[in-house]
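Heads up, protein.cif below (mmCIF, N, CA and C atoms):
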```cif
data_work
loop_
_atom_site.label_atom_id
_atom_site.label_comp_id
_atom_site.auth_asym_id
_atom_site.auth_seq_id
_atom_site.Cartn_x
_atom_site.Cartn_y
_atom_site.Cartn_z
N MET Z 121 4.91 24.09 -16.21
CA MET Z 121 5.49 24.89 -17.26
C MET Z 121 5.98 24.00 -18.41
N ALA Z 122 6.57 22.87 -18.04
CA ALA Z 122 7.08 21.96 -19.07
C ALA Z 122 5.95 21.41 -19.92
N LEU Z 123 4.82 21.07 -19.29
CA LEU Z 123 3.68 20.55 -20.06
C LEU Z 123 3.15 21.59 -21.03
N ILE Z 124 3.15 22.84 -20.64
CA ILE Z 124 2.68 23.90 -21.52
C ILE Z 124 3.60 24.02 -22.74
N LEU Z 125 4.91 24.00 -22.50
CA LEU Z 125 5.86 24.10 -23.61
C LEU Z 125 5.77 22.89 -24.54
N ILE Z 126 5.62 21.71 -23.97
CA ILE Z 126 5.47 20.51 -24.79
C ILE Z 126 4.18 20.59 -25.61
N GLY Z 127 3.11 21.05 -24.99
CA GLY Z 127 1.84 21.21 -25.70
C GLY Z 127 1.95 22.19 -26.85
N ILE Z 128 2.63 23.31 -26.63
CA ILE Z 128 2.81 24.31 -27.69
C ILE Z 128 3.65 23.72 -28.82
N TYR Z 129 4.69 22.98 -28.47
CA TYR Z 129 5.53 22.36 -29.50
C TYR Z 129 4.69 21.44 -30.39
N PHE Z 130 3.92 20.55 -29.78
CA PHE Z 130 3.15 19.61 -30.57
C PHE Z 130 2.03 20.30 -31.34
N MET Z 131 1.50 21.38 -30.80
CA MET Z 131 0.45 22.11 -31.48
C MET Z 131 1.01 22.78 -32.74
N LEU Z 132 2.22 23.30 -32.67
CA LEU Z 132 2.78 24.07 -33.79
C LEU Z 132 3.60 23.24 -34.77
N PHE Z 133 4.37 22.27 -34.28
CA PHE Z 133 5.35 21.62 -35.13
C PHE Z 133 5.05 20.16 -35.45
N SER Z 134 4.18 19.54 -34.75
CA SER Z 134 3.93 18.12 -34.97
C SER Z 134 2.45 17.89 -35.24
N THR Z 135 2.16 17.11 -36.24
CA THR Z 135 0.76 16.83 -36.55
C THR Z 135 0.21 15.68 -35.72
N ARG Z 136 1.09 14.81 -35.29
CA ARG Z 136 0.63 13.66 -34.51
C ARG Z 136 1.77 13.15 -33.64
N ILE Z 137 1.46 12.80 -32.41
CA ILE Z 137 2.45 12.23 -31.50
C ILE Z 137 2.52 10.74 -31.77
N LYS Z 138 3.72 10.23 -31.96
CA LYS Z 138 3.88 8.81 -32.27
C LYS Z 138 4.66 8.13 -31.15
N LEU Z 139 4.01 7.22 -30.47
CA LEU Z 139 4.65 6.41 -29.44
C LEU Z 139 4.57 4.95 -29.86
N PRO Z 140 5.67 4.22 -29.79
CA PRO Z 140 5.57 2.78 -30.06
C PRO Z 140 4.82 2.09 -28.92
N THR Z 141 4.12 1.05 -29.23
CA THR Z 141 3.34 0.36 -28.19
C THR Z 141 4.13 -0.84 -27.68
N THR Z 142 5.26 -0.55 -27.07
CA THR Z 142 6.09 -1.60 -26.49
C THR Z 142 5.88 -1.65 -24.98
N LYS Z 143 6.38 -2.69 -24.38
CA LYS Z 143 6.26 -2.86 -22.93
C LYS Z 143 6.99 -1.73 -22.20
N ARG Z 144 8.13 -1.31 -22.72
CA ARG Z 144 8.91 -0.25 -22.10
C ARG Z 144 8.11 1.07 -22.07
N VAL Z 145 7.48 1.41 -23.18
CA VAL Z 145 6.67 2.64 -23.23
C VAL Z 145 5.46 2.51 -22.32
N GLN Z 146 4.88 1.33 -22.28
CA GLN Z 146 3.71 1.09 -21.41
C GLN Z 146 4.09 1.31 -19.94
N VAL Z 147 5.20 0.77 -19.51
CA VAL Z 147 5.63 0.91 -18.12
C VAL Z 147 5.96 2.37 -17.80
N ARG Z 148 6.64 3.03 -18.72
CA ARG Z 148 7.00 4.44 -18.48
C ARG Z 148 5.76 5.33 -18.44
N ALA Z 149 4.83 5.10 -19.35
CA ALA Z 149 3.60 5.91 -19.34
C ALA Z 149 2.80 5.65 -18.07
N GLY Z 150 2.74 4.40 -17.63
CA GLY Z 150 2.03 4.08 -16.40
C GLY Z 150 2.69 4.67 -15.17
N ALA Z 151 4.02 4.61 -15.13
CA ALA Z 151 4.74 5.18 -13.98
C ALA Z 151 4.58 6.70 -13.94
N LEU Z 152 4.74 7.35 -15.09
CA LEU Z 152 4.58 8.80 -15.13
C LEU Z 152 3.14 9.21 -14.79
N SER Z 153 2.20 8.43 -15.28
CA SER Z 153 0.80 8.71 -14.98
C SER Z 153 0.51 8.54 -13.48
N GLY Z 154 1.07 7.52 -12.87
CA GLY Z 154 0.90 7.32 -11.44
C GLY Z 154 1.53 8.42 -10.61
N LEU Z 155 2.73 8.83 -11.00
CA LEU Z 155 3.38 9.93 -10.29
C LEU Z 155 2.58 11.22 -10.42
N MET Z 156 2.13 11.50 -11.62
CA MET Z 156 1.34 12.72 -11.81
C MET Z 156 0.03 12.64 -11.05
N GLY Z 157 -0.58 11.46 -10.99
CA GLY Z 157 -1.82 11.30 -10.23
C GLY Z 157 -1.60 11.49 -8.74
N GLY Z 158 -0.48 10.99 -8.25
CA GLY Z 158 -0.19 11.13 -6.83
C GLY Z 158 0.19 12.53 -6.42
N PHE Z 159 1.02 13.18 -7.23
CA PHE Z 159 1.50 14.51 -6.88
C PHE Z 159 0.49 15.62 -7.21
N PHE Z 160 -0.15 15.51 -8.37
CA PHE Z 160 -0.98 16.61 -8.85
C PHE Z 160 -2.45 16.26 -8.99
N GLY Z 161 -2.84 15.00 -8.82
CA GLY Z 161 -4.23 14.60 -9.02
C GLY Z 161 -4.63 14.62 -10.49
N MET Z 162 -3.64 14.49 -11.39
CA MET Z 162 -3.91 14.55 -12.83
C MET Z 162 -3.15 13.41 -13.50
N GLN Z 163 -3.77 12.25 -13.52
CA GLN Z 163 -3.09 11.08 -14.04
C GLN Z 163 -3.30 10.86 -15.53
N GLY Z 164 -4.04 11.71 -16.18
CA GLY Z 164 -4.49 11.45 -17.53
C GLY Z 164 -3.53 11.56 -18.68
N PRO Z 165 -2.76 12.65 -18.84
CA PRO Z 165 -2.05 12.85 -20.10
C PRO Z 165 -1.15 11.71 -20.57
N PRO Z 166 -0.27 11.14 -19.75
CA PRO Z 166 0.56 10.04 -20.27
C PRO Z 166 -0.28 8.81 -20.66
N ALA Z 167 -1.29 8.51 -19.88
CA ALA Z 167 -2.12 7.34 -20.19
C ALA Z 167 -2.91 7.56 -21.48
N VAL Z 168 -3.43 8.75 -21.65
CA VAL Z 168 -4.21 9.04 -22.86
C VAL Z 168 -3.32 8.94 -24.09
N LEU Z 169 -2.11 9.49 -24.02
CA LEU Z 169 -1.19 9.38 -25.16
C LEU Z 169 -0.91 7.93 -25.51
N TYR Z 170 -0.71 7.11 -24.50
CA TYR Z 170 -0.44 5.70 -24.77
C TYR Z 170 -1.67 5.00 -25.33
N PHE Z 171 -2.83 5.23 -24.74
CA PHE Z 171 -4.04 4.54 -25.20
C PHE Z 171 -4.41 4.94 -26.62
N ILE Z 172 -4.20 6.20 -26.98
CA ILE Z 172 -4.52 6.63 -28.34
C ILE Z 172 -3.68 5.84 -29.34
N GLN Z 173 -2.42 5.61 -29.02
CA GLN Z 173 -1.54 4.88 -29.93
C GLN Z 173 -1.79 3.37 -29.93
N SER Z 174 -2.18 2.83 -28.79
CA SER Z 174 -2.24 1.37 -28.69
C SER Z 174 -3.57 0.76 -29.10
N GLU Z 175 -4.64 1.53 -29.06
CA GLU Z 175 -5.95 0.96 -29.35
C GLU Z 175 -6.35 1.19 -30.80
N PRO Z 176 -6.87 0.14 -31.46
CA PRO Z 176 -7.16 0.25 -32.90
C PRO Z 176 -8.39 1.10 -33.24
N THR Z 177 -9.37 1.11 -32.37
CA THR Z 177 -10.60 1.86 -32.68
C THR Z 177 -10.94 2.82 -31.55
N LYS Z 178 -11.83 3.74 -31.87
CA LYS Z 178 -12.26 4.72 -30.87
C LYS Z 178 -12.97 4.04 -29.71
N GLU Z 179 -13.75 3.01 -29.99
CA GLU Z 179 -14.48 2.31 -28.94
C GLU Z 179 -13.52 1.61 -27.97
N HIS Z 180 -12.48 0.98 -28.50
CA HIS Z 180 -11.49 0.35 -27.63
C HIS Z 180 -10.76 1.38 -26.79
N TYR Z 181 -10.42 2.51 -27.42
CA TYR Z 181 -9.75 3.58 -26.69
C TYR Z 181 -10.62 4.07 -25.54
N MET Z 182 -11.89 4.33 -25.82
CA MET Z 182 -12.79 4.85 -24.78
C MET Z 182 -12.95 3.85 -23.64
N SER Z 183 -13.08 2.57 -23.97
CA SER Z 183 -13.26 1.57 -22.91
C SER Z 183 -11.99 1.42 -22.07
N MET Z 184 -10.83 1.44 -22.71
CA MET Z 184 -9.57 1.34 -21.95
C MET Z 184 -9.36 2.56 -21.07
N ALA Z 185 -9.60 3.75 -21.62
CA ALA Z 185 -9.39 4.97 -20.85
C ALA Z 185 -10.35 5.04 -19.66
N GLN Z 186 -11.62 4.71 -19.88
CA GLN Z 186 -12.59 4.76 -18.79
C GLN Z 186 -12.27 3.74 -17.70
N THR Z 187 -11.86 2.54 -18.10
CA THR Z 187 -11.49 1.53 -17.11
C THR Z 187 -10.27 1.98 -16.32
N TYR Z 188 -9.28 2.52 -17.00
CA TYR Z 188 -8.07 2.99 -16.34
C TYR Z 188 -8.39 4.09 -15.33
N PHE Z 189 -9.19 5.07 -15.74
CA PHE Z 189 -9.51 6.17 -14.85
C PHE Z 189 -10.41 5.72 -13.69
N LEU Z 190 -11.29 4.77 -13.93
CA LEU Z 190 -12.12 4.24 -12.84
C LEU Z 190 -11.24 3.58 -11.78
N ILE Z 191 -10.36 2.71 -12.21
CA ILE Z 191 -9.48 2.03 -11.26
C ILE Z 191 -8.58 3.02 -10.53
N GLY Z 192 -7.99 3.97 -11.28
CA GLY Z 192 -7.12 4.96 -10.66
C GLY Z 192 -7.85 5.83 -9.66
N ASN Z 193 -9.06 6.27 -9.99
CA ASN Z 193 -9.81 7.12 -9.07
C ASN Z 193 -10.28 6.36 -7.83
N VAL Z 194 -10.64 5.11 -7.99
CA VAL Z 194 -11.03 4.31 -6.82
C VAL Z 194 -9.83 4.13 -5.90
N MET Z 195 -8.66 3.86 -6.48
CA MET Z 195 -7.47 3.69 -5.65
C MET Z 195 -7.09 4.99 -4.94
N MET Z 196 -7.13 6.11 -5.65
CA MET Z 196 -6.78 7.39 -5.03
C MET Z 196 -7.79 7.78 -3.96
N THR Z 197 -9.06 7.48 -4.17
CA THR Z 197 -10.07 7.76 -3.15
C THR Z 197 -9.81 6.93 -1.90
N GLY Z 198 -9.42 5.67 -2.09
CA GLY Z 198 -9.10 4.83 -0.95
C GLY Z 198 -7.90 5.33 -0.18
N VAL Z 199 -6.86 5.76 -0.89
CA VAL Z 199 -5.66 6.27 -0.23
C VAL Z 199 -5.98 7.55 0.52
N ARG Z 200 -6.71 8.46 -0.13
CA ARG Z 200 -7.05 9.71 0.54
C ARG Z 200 -7.96 9.46 1.74
N GLY Z 201 -8.87 8.52 1.62
CA GLY Z 201 -9.75 8.17 2.75
C GLY Z 201 -8.96 7.62 3.91
N TYR Z 202 -7.96 6.78 3.61
CA TYR Z 202 -7.12 6.23 4.68
C TYR Z 202 -6.32 7.34 5.36
N ILE Z 203 -5.79 8.28 4.59
CA ILE Z 203 -5.01 9.37 5.17
C ILE Z 203 -5.89 10.23 6.07
N VAL Z 204 -7.11 10.53 5.63
CA VAL Z 204 -8.02 11.33 6.46
C VAL Z 204 -8.39 10.56 7.73
N TYR Z 205 -8.65 9.26 7.60
CA TYR Z 205 -8.98 8.43 8.76
C TYR Z 205 -7.82 8.43 9.76
N ALA Z 206 -6.60 8.26 9.26
CA ALA Z 206 -5.43 8.25 10.15
C ALA Z 206 -5.25 9.60 10.82
N TYR Z 207 -5.47 10.68 10.11
CA TYR Z 207 -5.35 12.02 10.67
C TYR Z 207 -6.38 12.23 11.78
N ILE Z 208 -7.61 11.78 11.53
CA ILE Z 208 -8.66 11.92 12.55
C ILE Z 208 -8.30 11.12 13.80
N CYS Z 209 -7.81 9.90 13.61
CA CYS Z 209 -7.43 9.06 14.76
C CYS Z 209 -6.29 9.68 15.56
N ILE Z 210 -5.28 10.17 14.86
CA ILE Z 210 -4.15 10.79 15.55
C ILE Z 210 -4.59 12.05 16.27
N SER Z 211 -5.45 12.84 15.62
CA SER Z 211 -5.96 14.06 16.27
C SER Z 211 -6.76 13.71 17.52
N GLY Z 212 -7.56 12.66 17.44
CA GLY Z 212 -8.34 12.24 18.61
C GLY Z 212 -7.45 11.79 19.75
N VAL Z 213 -6.40 11.07 19.46
CA VAL Z 213 -5.46 10.62 20.49
C VAL Z 213 -4.78 11.84 21.14
N ILE Z 214 -4.37 12.77 20.33
CA ILE Z 214 -3.72 13.98 20.88
C ILE Z 214 -4.67 14.76 21.76
N ILE Z 215 -5.92 14.89 21.34
CA ILE Z 215 -6.90 15.62 22.15
C ILE Z 215 -7.14 14.90 23.47
N LEU Z 216 -7.23 13.57 23.43
CA LEU Z 216 -7.43 12.79 24.67
C LEU Z 216 -6.22 12.90 25.58
N MET Z 217 -5.03 12.97 25.02
CA MET Z 217 -3.83 13.05 25.84
C MET Z 217 -3.68 14.43 26.49
N THR Z 218 -4.20 15.47 25.87
CA THR Z 218 -4.05 16.81 26.44
C THR Z 218 -5.10 17.10 27.51
N ASN Z 219 -6.16 16.33 27.55
CA ASN Z 219 -7.21 16.57 28.56
C ASN Z 219 -6.91 15.89 29.85
#
```
In structure tokens, how does this file's structure come out?
Amino acid sequence: MALILIGIYFMLFSTRIKLPTTKRVQVRAGALSGLMGGFFGMQGPPAVLYFIQSEPTKEHYMSMAQTYFLIGNVMMTGVRGYIVYAYICISGVIILMTN
């Protein structure tokens, strides 16, 4: 709900979102992006806002965004694969113990 309200605000009242490209903003955008990726599977909006402000050209922006999403998706796939593997192992142990 908050993202919808923020989106409506920027659509109606602001022509451009301005973020300074400091280390503090970079860490906050990365942390928020990681949390959103972990909780909702949607890591993009904070990272995209930061990359749009920090990269001088469209080509640099596209390369940074694609690299970021590639690394993030590979990491999330690995974590999800590990969780599924652990669940299968635990389920197998429980089935063996009940027989």
Within 5 Å of Z:Gln163, counting all atoms listed in the file, which residues show up once you throw out same-chain ones fewer than 3 positions away? Write them as a compact mmCIF listing (two decimals) with N, CA and C atoms, keeping the file's coordinate frame, please.
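Just written: result_32.txt:
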```txt
# COMPACT_ATOMS: atom_id res chain seq x y z
N SER Z 153 2.20 8.43 -15.28
CA SER Z 153 0.80 8.71 -14.98
C SER Z 153 0.51 8.54 -13.48
N MET Z 156 2.13 11.50 -11.62
CA MET Z 156 1.34 12.72 -11.81
C MET Z 156 0.03 12.64 -11.05
N GLY Z 157 -0.58 11.46 -10.99
CA GLY Z 157 -1.82 11.30 -10.23
C GLY Z 157 -1.60 11.49 -8.74
```
Original post:
Distance atom N of Z:Arg144-atom CA of Z:Met196, one decimal place?
Top reply: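 Atom N of Z:Arg144 sits 24.7 Å away from atom CA of Z:Met196.
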Subject >> Atomic separation - atom CA of Z:Tyr170 relative to atom CA of Z:Gly158, Å >> reply: 18.7 Å
